[in-house]
file protein18.pdb (PDB, C-alpha atoms)
ATOM      1  CA  MET A1440      15.388  10.809  22.130
ATOM      2  CA  THR A1441      12.672  11.343  19.542
ATOM      3  CA  ARG A1442      14.139  12.307  16.214
ATOM      4  CA  ILE A1443      12.952  15.183  14.052
ATOM      5  CA  ASP A1444      11.355  14.331  10.730
ATOM      6  CA  ARG A1445      10.425  16.629   7.921
ATOM      7  CA  PRO A1446       6.739  16.988   6.980
ATOM      8  CA  GLY A1447       5.419  14.146   4.868
ATOM      9  CA  PRO A1448       4.548  14.648   1.217
ATOM     10  CA  ASP A1449       0.894  15.127   2.114
ATOM     11  CA  GLY A1450       1.730  18.028   4.407
ATOM     12  CA  HIS A1451       1.442  16.082   7.663
ATOM     13  CA  GLN A1452       3.819  17.272  10.324
ATOM     14  CA  ALA A1453       6.115  14.405  11.138
ATOM     15  CA  LEU A1454       7.860  14.065  14.482
ATOM     16  CA  ALA A1455       7.863  17.256  16.443
ATOM     17  CA  PRO A1456      11.238  18.475  17.813
ATOM     18  CA  THR A1457      10.007  18.080  21.377
ATOM     19  CA  SER A1458       8.881  15.284  23.642
ATOM     20  CA  ARG A1459       6.961  12.198  22.647
ATOM     21  CA  ARG A1460       3.842  13.662  24.206
ATOM     22  CA  HIS A1461       4.129  16.673  21.940
ATOM     23  CA  PHE A1462       4.745  14.266  19.075
ATOM     24  CA  VAL A1463       1.399  12.561  19.700
ATOM     25  CA  ALA A1464      -0.522  15.727  20.493
ATOM     26  CA  GLY A1465       0.720  17.443  17.355
ATOM     27  CA  SER A1466      -0.575  14.859  14.908
ATOM     28  CA  ALA A1467      -2.871  15.999  12.124
ATOM     29  CA  ALA A1468      -6.356  14.532  11.871
ATOM     30  CA  VAL A1469      -6.444  13.920   8.140
ATOM     31  CA  GLY A1470      -8.827  11.109   7.255
ATOM     32  CA  ALA A1471      -9.990  10.522  10.832
ATOM     33  CA  GLY A1472     -12.891   8.094  11.021
ATOM     34  CA  ILE A1473     -11.956   5.897   8.055
ATOM     35  CA  VAL A1474     -12.208   2.102   8.420
ATOM     36  CA  LEU A1475     -12.753   1.873  12.172
ATOM     37  CA  ALA A1476     -15.637   4.358  12.266
ATOM     38  CA  SER A1477     -18.906   4.471  10.389
ATOM     39  CA  ARG A1478     -18.169   7.028   7.714
ATOM     40  CA  ALA A1479     -15.999   6.623   4.638
ATOM     41  CA  GLY A1480     -12.731   8.379   3.881
ATOM     42  CA  SER A1481     -12.682  11.847   2.384
ATOM     43  CA  ALA A1482      -9.588  11.831   0.195
ATOM     44  CA  THR A1483     -10.387  12.958  -3.323
ATOM     45  CA  ALA A1484     -10.401  10.380  -6.087
ATOM     46  CA  ALA A1485      -8.874  11.223  -9.428
ATOM     47  CA  PRO A1486     -11.605  12.734 -11.644
ATOM     48  CA  ALA A1487     -12.578  10.393 -14.475
ATOM     49  CA  ALA A1488     -12.458  13.238 -16.976
ATOM     50  CA  ALA A1489      -8.890  14.111 -15.978
ATOM     51  CA  ARG A1490      -7.402  10.666 -15.460
ATOM     52  CA  GLY A1491      -9.761   8.416 -17.332
ATOM     53  CA  ASP A1492     -11.464   5.372 -15.835
ATOM     54  CA  SER A1493      -8.711   2.792 -15.540
ATOM     55  CA  GLU A1494     -10.918  -0.186 -16.383
ATOM     56  CA  THR A1495     -12.177   1.531 -19.549
ATOM     57  CA  LEU A1496      -8.621   2.399 -20.508
ATOM     58  CA  VAL A1497      -7.547  -1.231 -20.033
ATOM     59  CA  GLN A1498     -10.230  -2.252 -22.516
ATOM     60  CA  GLN A1499      -8.975   0.400 -24.941
ATOM     61  CA  LEU A1500      -5.405  -0.815 -24.514
ATOM     62  CA  TYR A1501      -6.412  -4.417 -25.172
ATOM     63  CA  GLY A1502      -8.086  -3.342 -28.401
ATOM     64  CA  THR A1503      -4.801  -1.867 -29.657
ATOM     65  CA  LEU A1504      -2.626  -4.902 -28.969
ATOM     66  CA  THR A1505      -1.113  -6.739 -31.895
ATOM     67  CA  ASP A1506      -1.126 -10.534 -32.050
ATOM     68  CA  ARG A1507       2.542 -10.506 -31.074
ATOM     69  CA  GLN A1508       1.885  -8.290 -28.050
ATOM     70  CA  LYS A1509      -0.986 -10.520 -26.962
ATOM     71  CA  MET A1510       1.279 -13.556 -27.117
ATOM     72  CA  GLN A1511       3.792 -11.740 -24.908
ATOM     73  CA  CYS A1512       1.550 -10.315 -22.192
ATOM     74  CA  CYS A1513      -1.946 -11.872 -22.291
ATOM     75  CA  PHE A1514      -2.937 -14.919 -20.236
ATOM     76  CA  SER A1515      -6.049 -16.751 -19.120
ATOM     77  CA  PHE A1516      -7.788 -15.278 -16.099
ATOM     78  CA  ASP A1517      -7.006 -18.375 -14.021
ATOM     79  CA  ASP A1518      -3.266 -18.367 -14.754
ATOM     80  CA  PRO A1519      -1.434 -18.692 -11.392
ATOM     81  CA  LEU A1520       0.922 -15.888 -12.419
ATOM     82  CA  ARG A1521      -1.913 -13.475 -11.623
ATOM     83  CA  GLN A1522      -1.540 -14.177  -7.883
ATOM     84  CA  LYS A1523       2.175 -13.390  -7.687
ATOM     85  CA  VAL A1524       3.692 -10.324  -5.991
ATOM     86  CA  ASP A1525       7.257  -9.286  -5.213
ATOM     87  CA  ASN A1526       9.296  -6.207  -4.375
ATOM     88  CA  ASN A1527      11.283  -5.956  -7.620
ATOM     89  CA  TRP A1528      10.101  -8.056 -10.530
ATOM     90  CA  HIS A1529       8.708  -8.116 -14.051
ATOM     91  CA  ILE A1530       5.566 -10.122 -14.615
ATOM     92  CA  THR A1531       6.414 -10.515 -18.324
ATOM     93  CA  LYS A1532       9.416  -9.835 -20.533
ATOM     94  CA  VAL A1533       7.790  -6.885 -22.285
ATOM     95  CA  ARG A1534       8.737  -3.369 -21.194
ATOM     96  CA  VAL A1535       6.424  -0.386 -21.371
ATOM     97  CA  GLY A1536       9.024   1.762 -23.114
ATOM     98  CA  GLN A1537      10.293  -0.854 -25.572
ATOM     99  CA  ASP A1538       7.413  -3.066 -26.631
ATOM    100  CA  PHE A1539       4.508  -0.631 -26.892
ATOM    101  CA  ASN A1540       3.986   2.339 -29.173
ATOM    102  CA  ALA A1541       3.617   5.905 -27.888
ATOM    103  CA  ASP A1542      -0.201   5.798 -27.729
ATOM    104  CA  GLN A1543      -0.141   2.484 -25.860
ATOM    105  CA  GLN A1544       2.455   3.820 -23.435
ATOM    106  CA  ASP A1545       0.203   6.790 -22.727
ATOM    107  CA  LEU A1546      -2.760   4.482 -22.062
ATOM    108  CA  ILE A1547      -0.671   2.400 -19.644
ATOM    109  CA  ARG A1548       0.456   5.560 -17.861
ATOM    110  CA  GLN A1549      -3.132   6.816 -17.536
ATOM    111  CA  ILE A1550      -4.305   3.416 -16.256
ATOM    112  CA  PHE A1551      -1.664   3.564 -13.538
ATOM    113  CA  LEU A1552      -2.394   7.177 -12.584
ATOM    114  CA  GLY A1553      -6.117   6.422 -12.393
ATOM    115  CA  LEU A1554      -5.514   3.756  -9.729
ATOM    116  CA  HIS A1555      -4.407   6.483  -7.308
ATOM    117  CA  SER A1556      -6.000   9.456  -5.603
ATOM    118  CA  GLU A1557      -5.664  12.824  -7.256
ATOM    119  CA  GLU A1558      -3.467  13.997  -4.387
ATOM    120  CA  TYR A1559      -1.002  11.122  -4.740
ATOM    121  CA  ALA A1560      -1.033  10.013  -8.371
ATOM    122  CA  ASP A1561       1.796  12.269  -9.478
ATOM    123  CA  LYS A1562       3.811  11.603  -6.307
ATOM    124  CA  VAL A1563       3.533   7.854  -6.851
ATOM    125  CA  MET A1564       4.512   8.246 -10.502
ATOM    126  CA  HIS A1565       7.554  10.253  -9.384
ATOM    127  CA  GLN A1566       8.507   7.376  -7.069
ATOM    128  CA  VAL A1567       8.241   4.824  -9.887
ATOM    129  CA  GLU A1568      10.270   7.009 -12.244
ATOM    130  CA  HIS A1569      12.907   7.549  -9.561
ATOM    131  CA  ASP A1570      13.261   3.930  -8.470
ATOM    132  CA  GLY A1571      13.375   2.144 -11.789
ATOM    133  CA  GLY A1572      11.623   4.139 -14.465
ATOM    134  CA  PHE A1573       8.047   3.738 -15.631
ATOM    135  CA  LYS A1574       9.186   2.701 -19.111
ATOM    136  CA  ASN A1575      11.114  -0.173 -17.540
ATOM    137  CA  CYS A1576       7.952  -1.604 -15.956
ATOM    138  CA  SER A1577       6.163  -4.597 -17.435
ATOM    139  CA  ILE A1578       2.478  -5.455 -17.772
ATOM    140  CA  ALA A1579       0.255  -8.490 -18.087
ATOM    141  CA  LEU A1580      -3.451  -8.872 -18.873
ATOM    142  CA  PHE A1581      -5.424 -11.826 -17.558
ATOM    143  CA  GLY A1582      -8.728 -12.647 -19.225
ATOM    144  CA  GLN A1583     -10.347 -10.324 -21.743
ATOM    145  CA  PRO A1584     -11.470  -6.801 -20.740
ATOM    146  CA  GLY A1585     -15.210  -6.432 -21.266
ATOM    147  CA  SER A1586     -15.869 -10.129 -20.726
ATOM    148  CA  GLY A1587     -16.585  -9.782 -17.003
ATOM    149  CA  LYS A1588     -13.343 -11.413 -15.895
ATOM    150  CA  PHE A1589     -10.089  -9.578 -16.448
ATOM    151  CA  GLU A1590      -7.159  -8.093 -14.596
ATOM    152  CA  PHE A1591      -4.391  -5.732 -15.658
ATOM    153  CA  VAL A1592      -1.153  -5.956 -13.651
ATOM    154  CA  LEU A1593       1.811  -3.566 -13.789
ATOM    155  CA  THR A1594       5.085  -4.463 -12.082
ATOM    156  CA  GLY A1595       8.619  -3.161 -11.687
ATOM    157  CA  ARG A1596      10.971  -2.070  -8.963
ATOM    158  CA  HIS A1597       8.931  -1.064  -5.912
ATOM    159  CA  VAL A1598       5.610  -1.358  -7.733
ATOM    160  CA  THR A1599       2.897  -3.956  -8.238
ATOM    161  CA  ARG A1600      -0.559  -2.562  -9.071
ATOM    162  CA  ARG A1601      -3.734  -4.192 -10.304
ATOM    163  CA  CYS A1602      -6.827  -3.047 -12.165
ATOM    164  CA  ASP A1603      -9.632  -5.614 -12.214
ATOM    165  CA  GLY A1604     -12.994  -3.847 -12.343
ATOM    166  CA  ASP A1605     -14.040  -5.996  -9.365
ATOM    167  CA  SER A1606     -13.527  -9.159 -11.425
ATOM    168  CA  VAL A1607     -11.699 -10.626  -8.435
ATOM    169  CA  GLU A1608     -14.505 -10.935  -5.928
ATOM    170  CA  GLY A1609     -13.686 -10.364  -2.283
ATOM    171  CA  ALA A1610     -10.175  -9.030  -2.892
ATOM    172  CA  ALA A1611      -9.085  -5.438  -2.309
ATOM    173  CA  PHE A1612      -6.987  -4.003  -5.169
ATOM    174  CA  GLY A1613      -7.733  -7.173  -7.138
ATOM    175  CA  GLY A1614      -5.148  -9.106  -5.111
ATOM    176  CA  PRO A1615      -1.825  -8.505  -3.350
ATOM    177  CA  ILE A1616       0.019  -5.303  -4.231
ATOM    178  CA  PHE A1617       3.383  -3.802  -3.372
ATOM    179  CA  TYR A1618       4.678  -0.250  -3.047
ATOM    180  CA  GLY A1619       8.001   1.140  -1.869
ATOM    181  CA  HIS A1620      10.594   3.845  -2.292
ATOM    182  CA  ALA A1621      14.352   4.280  -1.904
ATOM    183  CA  ALA A1622      14.406   8.073  -1.814
ATOM    184  CA  ARG A1623      17.926   9.467  -1.349
ATOM    185  CA  SER A1624      19.812   6.187  -1.106
ATOM    186  CA  PHE A1625      19.385   2.422  -0.796
ATOM    187  CA  ASN A1626      20.207   2.697   2.912
ATOM    188  CA  GLU A1627      17.983   5.540   4.039
ATOM    189  CA  SER A1628      18.754   7.643   7.092
ATOM    190  CA  PRO A1629      16.525   7.503  10.170
ATOM    191  CA  LEU A1630      14.744  10.566   8.780
ATOM    192  CA  HIS A1631      13.812   8.892   5.477
ATOM    193  CA  GLU A1632      14.081  12.282   3.772
ATOM    194  CA  ASP A1633      11.916  12.728   0.653
ATOM    195  CA  ASN A1634      10.414   9.261   0.929
ATOM    196  CA  VAL A1635       6.945   9.389  -0.590
ATOM    197  CA  TYR A1636       5.520   6.866   1.894
ATOM    198  CA  TRP A1637       7.332   7.612   5.146
ATOM    199  CA  PHE A1638       4.423   9.741   6.387
ATOM    200  CA  GLN A1639       2.550   6.465   6.947
ATOM    201  CA  ALA A1640       5.194   5.270   9.402
ATOM    202  CA  VAL A1641       5.123   8.629  11.181
ATOM    203  CA  ARG A1642       1.410   8.144  11.740
ATOM    204  CA  ALA A1643       1.858   4.566  12.968
ATOM    205  CA  ASN A1644       4.492   5.733  15.456
ATOM    206  CA  GLU A1645       2.007   8.238  16.839
ATOM    207  CA  LEU A1646      -0.165   5.295  17.785
ATOM    208  CA  TYR A1647       2.753   3.493  19.423
ATOM    209  CA  GLN A1648       3.703   6.579  21.450
ATOM    210  CA  ALA A1649       0.156   6.755  22.800
ATOM    211  CA  LEU A1650       0.307   3.216  24.210
ATOM    212  CA  ASP A1651       0.908   2.638  27.924
ATOM    213  CA  GLY A1652       3.575   0.306  29.282
ATOM    214  CA  ARG A1653       1.429  -2.815  29.259
ATOM    215  CA  GLN A1654       0.211  -2.151  25.740
ATOM    216  CA  ARG A1655       3.739  -1.515  24.461
ATOM    217  CA  LYS A1656       4.825  -4.933  25.719
ATOM    218  CA  MET A1657       2.104  -6.426  23.542
ATOM    219  CA  ALA A1658       2.870  -4.262  20.510
ATOM    220  CA  LEU A1659       6.683  -4.169  20.463
ATOM    221  CA  LEU A1660       8.305  -7.345  19.186
ATOM    222  CA  GLY A1661      11.751  -8.445  18.028
ATOM    223  CA  ARG A1662      11.920  -9.141  14.305
ATOM    224  CA  SER A1663       9.287  -8.976  11.610
ATOM    225  CA  ARG A1664       8.113 -11.584   9.117
ATOM    226  CA  GLY A1665      10.766 -10.600   6.565
ATOM    227  CA  GLU A1666      10.267 -10.786   2.807
ATOM    228  CA  HIS A1667       9.572 -14.024   0.946
ATOM    229  CA  GLY A1668       7.867 -13.021  -2.276
ATOM    230  CA  THR A1669       4.188 -13.935  -2.463
ATOM    231  CA  GLU A1670       4.488 -15.862   0.822
ATOM    232  CA  THR A1671       5.058 -12.520   2.567
ATOM    233  CA  VAL A1672       1.349 -11.738   2.303
ATOM    234  CA  LYS A1673      -0.010 -15.184   3.128
ATOM    235  CA  LEU A1674      -3.161 -14.787   5.221
ATOM    236  CA  LYS A1675      -3.671 -16.718   8.440
ATOM    237  CA  GLY A1676      -7.470 -16.868   8.363
ATOM    238  CA  THR A1677      -7.702 -16.564  12.162
ATOM    239  CA  ASP A1678      -6.960 -13.999  14.837
ATOM    240  CA  GLN A1679      -5.315 -16.649  16.988
ATOM    241  CA  GLY A1680      -1.573 -16.132  17.257
ATOM    242  CA  LEU A1681      -1.470 -12.830  15.377
ATOM    243  CA  ALA A1682       1.468 -10.598  16.292
ATOM    244  CA  GLY A1683       1.071  -7.395  18.278
ATOM    245  CA  ILE A1684      -1.739  -5.621  20.090
ATOM    246  CA  PRO A1685      -5.341  -6.064  18.919
ATOM    247  CA  VAL A1686      -7.629  -3.090  18.429
ATOM    248  CA  SER A1687      -9.837  -4.561  21.149
ATOM    249  CA  GLU A1688      -7.105  -3.614  23.674
ATOM    250  CA  LEU A1689      -7.087   0.083  22.661
ATOM    251  CA  THR A1690      -8.855   2.950  24.382
ATOM    252  CA  GLU A1691     -11.143   5.202  22.360
ATOM    253  CA  ASP A1692      -8.410   7.851  21.999
ATOM    254  CA  GLN A1693      -5.994   5.187  20.784
ATOM    255  CA  ARG A1694      -8.610   3.865  18.383
ATOM    256  CA  GLN A1695      -8.816   7.329  16.898
ATOM    257  CA  LEU A1696      -5.074   7.184  16.203
ATOM    258  CA  ALA A1697      -5.534   3.712  14.703
ATOM    259  CA  ARG A1698      -8.188   5.171  12.395
ATOM    260  CA  GLN A1699      -5.696   7.799  11.300
ATOM    261  CA  VAL A1700      -3.098   5.125  10.562
ATOM    262  CA  MET A1701      -5.571   3.300   8.329
ATOM    263  CA  ALA A1702      -6.608   6.553   6.654
ATOM    264  CA  ASP A1703      -2.990   7.309   5.761
ATOM    265  CA  LEU A1704      -2.422   3.794   4.441
ATOM    266  CA  LEU A1705      -5.349   4.190   2.071
ATOM    267  CA  LEU A1706      -4.663   7.799   1.134
ATOM    268  CA  PRO A1707      -2.611   7.158  -2.047
ATOM    269  CA  PHE A1708      -5.300   5.017  -3.687
ATOM    270  CA  ARG A1709      -8.441   5.781  -5.668
ATOM    271  CA  GLU A1710     -11.801   6.017  -3.953
ATOM    272  CA  GLN A1711     -13.301   2.748  -5.181
ATOM    273  CA  ASP A1712     -10.314   0.742  -3.938
ATOM    274  CA  ARG A1713     -10.394   2.506  -0.574
ATOM    275  CA  GLN A1714     -14.068   1.702  -0.211
ATOM    276  CA  GLU A1715     -13.457  -1.947  -1.078
ATOM    277  CA  CYS A1716     -10.762  -2.091   1.615
ATOM    278  CA  ILE A1717     -13.090  -0.548   4.187
ATOM    279  CA  LYS A1718     -15.864  -3.005   3.372
ATOM    280  CA  LEU A1719     -13.571  -6.022   3.690
ATOM    281  CA  LEU A1720     -11.953  -4.792   6.911
ATOM    282  CA  ARG A1721     -15.320  -4.253   8.563
ATOM    283  CA  LYS A1722     -16.383  -7.715   7.472
ATOM    284  CA  GLN A1723     -13.527  -9.387   9.339
ATOM    285  CA  ASP A1724     -14.184  -7.365  12.568
ATOM    286  CA  VAL A1725     -11.803  -4.462  13.101
ATOM    287  CA  ASP A1726     -11.330  -5.390  16.776
ATOM    288  CA  LYS A1727      -9.311  -8.349  15.496
ATOM    289  CA  LEU A1728      -6.793  -6.168  13.662
ATOM    290  CA  HIS A1729      -3.373  -6.264  15.343
ATOM    291  CA  PHE A1730      -0.712  -3.534  15.303
ATOM    292  CA  SER A1731       2.894  -4.573  15.810
ATOM    293  CA  PHE A1732       6.281  -2.799  15.803
ATOM    294  CA  TYR A1733       9.744  -4.347  15.530
ATOM    295  CA  LYS A1734      12.568  -3.106  17.750
ATOM    296  CA  ASP A1735      15.327  -5.234  16.168
ATOM    297  CA  GLU A1736      14.949  -3.513  12.784
ATOM    298  CA  ASN A1737      15.226   0.077  13.941
ATOM    299  CA  ILE A1738      17.399   2.497  11.956
ATOM    300  CA  GLY A1739      19.393   4.761  14.247
ATOM    301  CA  ASP A1740      18.252   3.042  17.474
ATOM    302  CA  ASP A1741      15.958   6.002  18.078
ATOM    303  CA  GLU A1742      12.757   4.135  19.073
ATOM    304  CA  VAL A1743      10.910   5.458  16.048
ATOM    305  CA  TRP A1744      10.000   2.102  14.574
ATOM    306  CA  ASP A1745      10.846   1.766  10.896
ATOM    307  CA  VAL A1746       9.241  -1.655  10.544
ATOM    308  CA  TRP A1747       5.638  -2.287  11.596
ATOM    309  CA  GLN A1748       2.469  -3.903  10.359
ATOM    310  CA  VAL A1749      -1.295  -4.174  10.648
ATOM    311  CA  GLU A1750      -2.579  -7.719  10.419
ATOM    312  CA  GLY A1751      -5.964  -9.364  10.709
ATOM    313  CA  PRO A1752      -7.354 -12.810   9.908
ATOM    314  CA  THR A1753      -7.718 -11.871   6.238
ATOM    315  CA  MET A1754      -5.380  -8.893   5.982
ATOM    316  CA  VAL A1755      -1.660  -8.070   5.917
ATOM    317  CA  TRP A1756      -0.318  -4.522   5.578
ATOM    318  CA  TYR A1757       3.393  -4.906   6.249
ATOM    319  CA  PHE A1758       5.503  -1.740   6.214
ATOM    320  CA  ARG A1759       9.219  -2.533   6.126
ATOM    321  CA  GLY A1760      11.179   0.716   6.388
ATOM    322  CA  LYS A1761      14.667  -0.772   6.576
ATOM    323  CA  PRO A1762      16.910  -0.215   4.615
ATOM    324  CA  HIS A1763      14.257   1.759   2.702
ATOM    325  CA  VAL A1764      10.495   1.480   2.388
ATOM    326  CA  HIS A1765       8.940  -1.773   1.168
ATOM    327  CA  THR A1766       5.207  -2.249   1.749
ATOM    328  CA  TRP A1767       3.252  -5.451   1.194
ATOM    329  CA  VAL A1768      -0.559  -5.398   1.076
ATOM    330  CA  HIS A1769      -3.158  -8.162   0.884
ATOM    331  CA  ILE A1770      -6.800  -7.866   1.970
ATOM    332  CA  ARG A1771      -9.536 -10.408   1.202
ATOM    333  CA  ASP A1772     -12.899 -11.492   2.559
ATOM    334  CA  SER A1773     -11.483 -14.933   3.375
ATOM    335  CA  ALA A1774      -8.051 -16.527   3.593
TER
END
call {"tool": "encode", "arguments": {"input": "protein18.pdb", "output": "C-alpha cells"}}
result
Amino acid sequence: MTRIDRPGPDGHQALAPTSRRHFVAGSAAVGAGIVLASRAGSATAAPAAARGDSETLVQQLYGTLTDRQKMQCCFSFDDPLRQKVDNNWHITKVRVGQDFNADQQDLIRQIFLGLHSEEYADKVMHQVEHDGGFKNCSIALFGQPGSGKFEFVLTGRHVTRRCDGDSVEGAAFGGPIFYGHAARSFNESPLHEDNVYWFQAVRANELYQALDGRQRKMALLGRSRGEHGTETVKLKGTDQGLAGIPVSELTEDQRQLARQVMADLLLPFREQDRQECIKLLRKQDVDKLHFSFYKDENIGDDEVWDVWQVEGPTMVWYFRGKPHVHTWVHIRDSA
C-alpha cells in the first residue's frame, strides 16, 4: 500500500492517497530538463545584492581574522583535512558562536546562505539551527582568499558546505559535501514529516514506480553502501559494476522522471554550483548514471524506498533516509 506523504517544503505534492499509478501521474514537473537534457535548470539563485557573493564575503572574513583566529582555523590549500567529509563533525575546534565576533558571525552566516538558492537558503538554515545550531558549527579556510587558491569549509551536525570560487578544478561544490535532517525525531516515521529534504526521495520514488518488472529487478537491491566517513563518497572511476539500473535502460518517459530527480537534488543550491554539477555530469556521459533503491532499509515496509542513490563513474549522490535523512554528495571530472 502506498503511503500518504505531506507536500514537500518546495510545494511538490508528495505521494498521492491513491494508487501508485496516480502517484506517478501526479508528480510536478519542477525543473524538468535539468542535467539529462540540453537546457539548464531554472531555479532562482540568491541575488548577490541580497545575499552577497559568498567568495567575496570569504575574502572579507579573512581580512577580519586575528592572528589567533588564523592559527585556529587557517591551513595551507593542500592540507589533507580539506578533503574530509562526515555526517556530524567539526573541522576545527573553533565555534561560530564562541570564537568569532558578531560581525564575523554575520559574514559566516551570509557566506552559508549565499551557497544556496533563494528558495531554499532559509529552509536550509532552519535545518542547521534545528539539528545542532548554526553557532555550534565550525569553519576552516584553506589557502588565502584572493590568491587564486582558497576554500572555505563549514561543518557541523548534518552539514558540510564548501565555498571555493572554482579554486578546486573539476570538482562540484569544491569537493564532497553532506546535508541531512532529523526533523521531528532521530527515528523518523515513514512519512518523514517536516523533513526539509524528503521531497527529493518522493521524486526518486516516482521514478521507481514508473519502472517495469524487469527494470525493478535491476534497480531494487538489498542493502546500501552504508556510512564510512569520507570513504562513503569514494568514486569508482568506471561504470563497470555500479549498483542499480543505468539511464541507458530507461525509456524517454522514465528519463524525464530521472531529469526531475536530478533537478530536485540540485534545487537547494546556488546557480553556479548547479551549473558546475551539470557540466561535470554531462562530461561523464549521463547514460552511465545508475539509480538504485534498497529494500532492506525501508521504514514501515511500505515499498516507498527511504534509501537510494544515483551513482556514476565520477559521481555519488547517496540519500540515506533511515533513521532520518543523511545525504552524501561527490561529483568530479575524474576519480
call {"tool": "closest_residue", "arguments": {"input": "protein18.pdb", "among": "A:Ala1611, A:Leu1681, A:Val1563, A:Leu1580", "to": "Glu1750 of chain A", "atoms": "only C-alpha atoms"}}
result
A:Leu1681
call {"tool": "resolve_selection", "arguments": {"input": "protein18.pdb", "expression": "the PyMOL selection byres ((chain A and resi 1620) around 7)", "output": "list of chain:residue names"}}
result
A:Gln1566, A:Asp1570, A:His1597, A:Gly1619, A:Ala1621, A:Ala1622, A:Asn1634, A:Val1635, A:His1763, A:Val1764, A:His1765
call {"tool": "residues_around", "arguments": {"input": "protein18.pdb", "residues": "Pro1707 of chain A", "least_positions_apart": "6", "cutoff": "6 Å", "atoms": "only C-alpha atoms", "output": "PyMOL selection string"}}
result
chain A and resi 1555-1556+1559
call {"tool": "closest_residue", "arguments": {"input": "protein18.pdb", "among": "A:Arg1698, A:Arg1600, A:Arg1507, A:His1569", "to": "His1529 of chain A", "atoms": "all atoms listed in the file"}}
result
A:Arg1600
call {"tool": "atom_distance", "arguments": {"input": "protein18.pdb", "atom1": "atom CA of Pro1629 of chain A", "atom2": "atom CA of Ile1616 of chain A"}}
result
25.4 Å
call {"tool": "atom_distance", "arguments": {"input": "protein18.pdb", "atom1": "atom CA of Gly1609 of chain A", "atom2": "atom CA of Asp1772 of chain A"}}
result
5.0 Å
call {"tool": "closest_residue", "arguments": {"input": "protein18.pdb", "among": "A:Ile1717, A:Met1701, A:Val1725, A:Val1535", "to": "Trp1756 of chain A", "atoms": "only C-alpha atoms"}}
result
A:Met1701
call {"tool": "closest_residue", "arguments": {"input": "protein18.pdb", "among": "A:Gln1543, A:Ser1731, A:Thr1753, A:Gln1693", "to": "Arg1655 of chain A", "atoms": "all atoms listed in the file"}}
result
A:Ser1731
call {"tool": "closest_residue", "arguments": {"input": "protein18.pdb", "among": "A:Gly1536, A:Gln1583, A:Val1524, A:Ala1541", "to": "Lys1509 of chain A", "atoms": "all atoms listed in the file"}}
result
A:Gln1583
call {"tool": "residues_around", "arguments": {"input": "protein18.pdb", "residues": "Arg1771 of chain A", "least_positions_apart": "3", "cutoff": "10 Å", "atoms": "all atoms listed in the file", "output": "short mmCIF file (atom, residue, chain, number, x, y, z; two decimals) with C-alpha atoms, in the coordinates of the input"}}
result
data_model
loop_
_atom_site.label_atom_id
_atom_site.label_comp_id
_atom_site.auth_asym_id
_atom_site.auth_seq_id
_atom_site.Cartn_x
_atom_site.Cartn_y
_atom_site.Cartn_z
CA VAL A 1607 -11.70 -10.63 -8.44
CA GLU A 1608 -14.50 -10.94 -5.93
CA GLY A 1609 -13.69 -10.36 -2.28
CA ALA A 1610 -10.18 -9.03 -2.89
CA ALA A 1611 -9.09 -5.44 -2.31
CA PHE A 1612 -6.99 -4.00 -5.17
CA GLY A 1613 -7.73 -7.17 -7.14
CA GLY A 1614 -5.15 -9.11 -5.11
CA PRO A 1615 -1.82 -8.51 -3.35
CA LEU A 1674 -3.16 -14.79 5.22
CA GLY A 1676 -7.47 -16.87 8.36
CA GLU A 1715 -13.46 -1.95 -1.08
CA CYS A 1716 -10.76 -2.09 1.62
CA LYS A 1718 -15.86 -3.00 3.37
CA LEU A 1719 -13.57 -6.02 3.69
CA LEU A 1720 -11.95 -4.79 6.91
CA LYS A 1722 -16.38 -7.72 7.47
CA GLN A 1723 -13.53 -9.39 9.34
CA PRO A 1752 -7.35 -12.81 9.91
CA THR A 1753 -7.72 -11.87 6.24
CA MET A 1754 -5.38 -8.89 5.98
CA VAL A 1755 -1.66 -8.07 5.92
CA ALA A 1774 -8.05 -16.53 3.59
#
call {"tool": "resolve_selection", "arguments": {"input": "protein18.pdb", "expression": "the PyMOL selection byres ((chain A and resi 1639-1654) around 6)", "output": "PDB file with C-alpha atoms, in the frame of the given file"}}
result
ATOM      1  CA  ALA A1453       6.115  14.405  11.138  1.00  0.00           C
ATOM      2  CA  VAL A1463       1.399  12.561  19.700  1.00  0.00           C
ATOM      3  CA  TYR A1636       5.520   6.866   1.894  1.00  0.00           C
ATOM      4  CA  TRP A1637       7.332   7.612   5.146  1.00  0.00           C
ATOM      5  CA  PHE A1638       4.423   9.741   6.387  1.00  0.00           C
ATOM      6  CA  ARG A1655       3.739  -1.515  24.461  1.00  0.00           C
ATOM      7  CA  LYS A1656       4.825  -4.933  25.719  1.00  0.00           C
ATOM      8  CA  MET A1657       2.104  -6.426  23.542  1.00  0.00           C
ATOM      9  CA  LEU A1696      -5.074   7.184  16.203  1.00  0.00           C
ATOM     10  CA  VAL A1700      -3.098   5.125  10.562  1.00  0.00           C
ATOM     11  CA  ASP A1703      -2.990   7.309   5.761  1.00  0.00           C
TER      12      ASP A1703
END
call {"tool": "closest_residue", "arguments": {"input": "protein18.pdb", "among": "A:Asp1525, A:Asp1724, A:Asp1506, A:Glu1494", "to": "Tyr1618 of chain A", "atoms": "only C-alpha atoms"}}
result
A:Asp1525
call {"tool": "atom_distance", "arguments": {"input": "protein18.pdb", "atom1": "atom CA of Arg1521 of chain A", "atom2": "atom CA of Leu1593 of chain A"}}
result
10.8 Å
call {"tool": "axis_aligned_box", "arguments": {"input": "protein18.pdb", "around": "segment 1587-1606 of chain A", "padding_each_side": "3 Å", "output": "AutoDock Vina command-line options"}}
result
--center_x -2.8 --center_y -6.2 --center_z -11.5 --size_x 33.6 --size_y 16.3 --size_z 17.1
call {"tool": "resolve_selection", "arguments": {"input": "protein18.pdb", "expression": "the PyMOL selection byres ((chain A and resi 1668) around 10)", "output": "list in words"}}
result
Lys1523, Val1524, Asp1525, Asn1526, Asn1527, Trp1528, Gly1665, Glu1666, His1667, Thr1669, Glu1670, Thr1671, Val1672, Lys1673 and Trp1767 of chain A
call {"tool": "residues_around", "arguments": {"input": "protein18.pdb", "residues": "Lys1727 of chain A", "least_positions_apart": "3", "cutoff": "7 Å", "atoms": "only C-alpha atoms", "output": "PyMOL selection string"}}
result
chain A and resi 1678+1685-1687+1724+1751
call {"tool": "residues_around", "arguments": {"input": "protein18.pdb", "residues": "Pro1584 of chain A", "least_positions_apart": "5", "cutoff": "7 Å", "atoms": "all atoms listed in the file", "output": "number ranges by chain"}}
result
A: 1497-1498, 1589
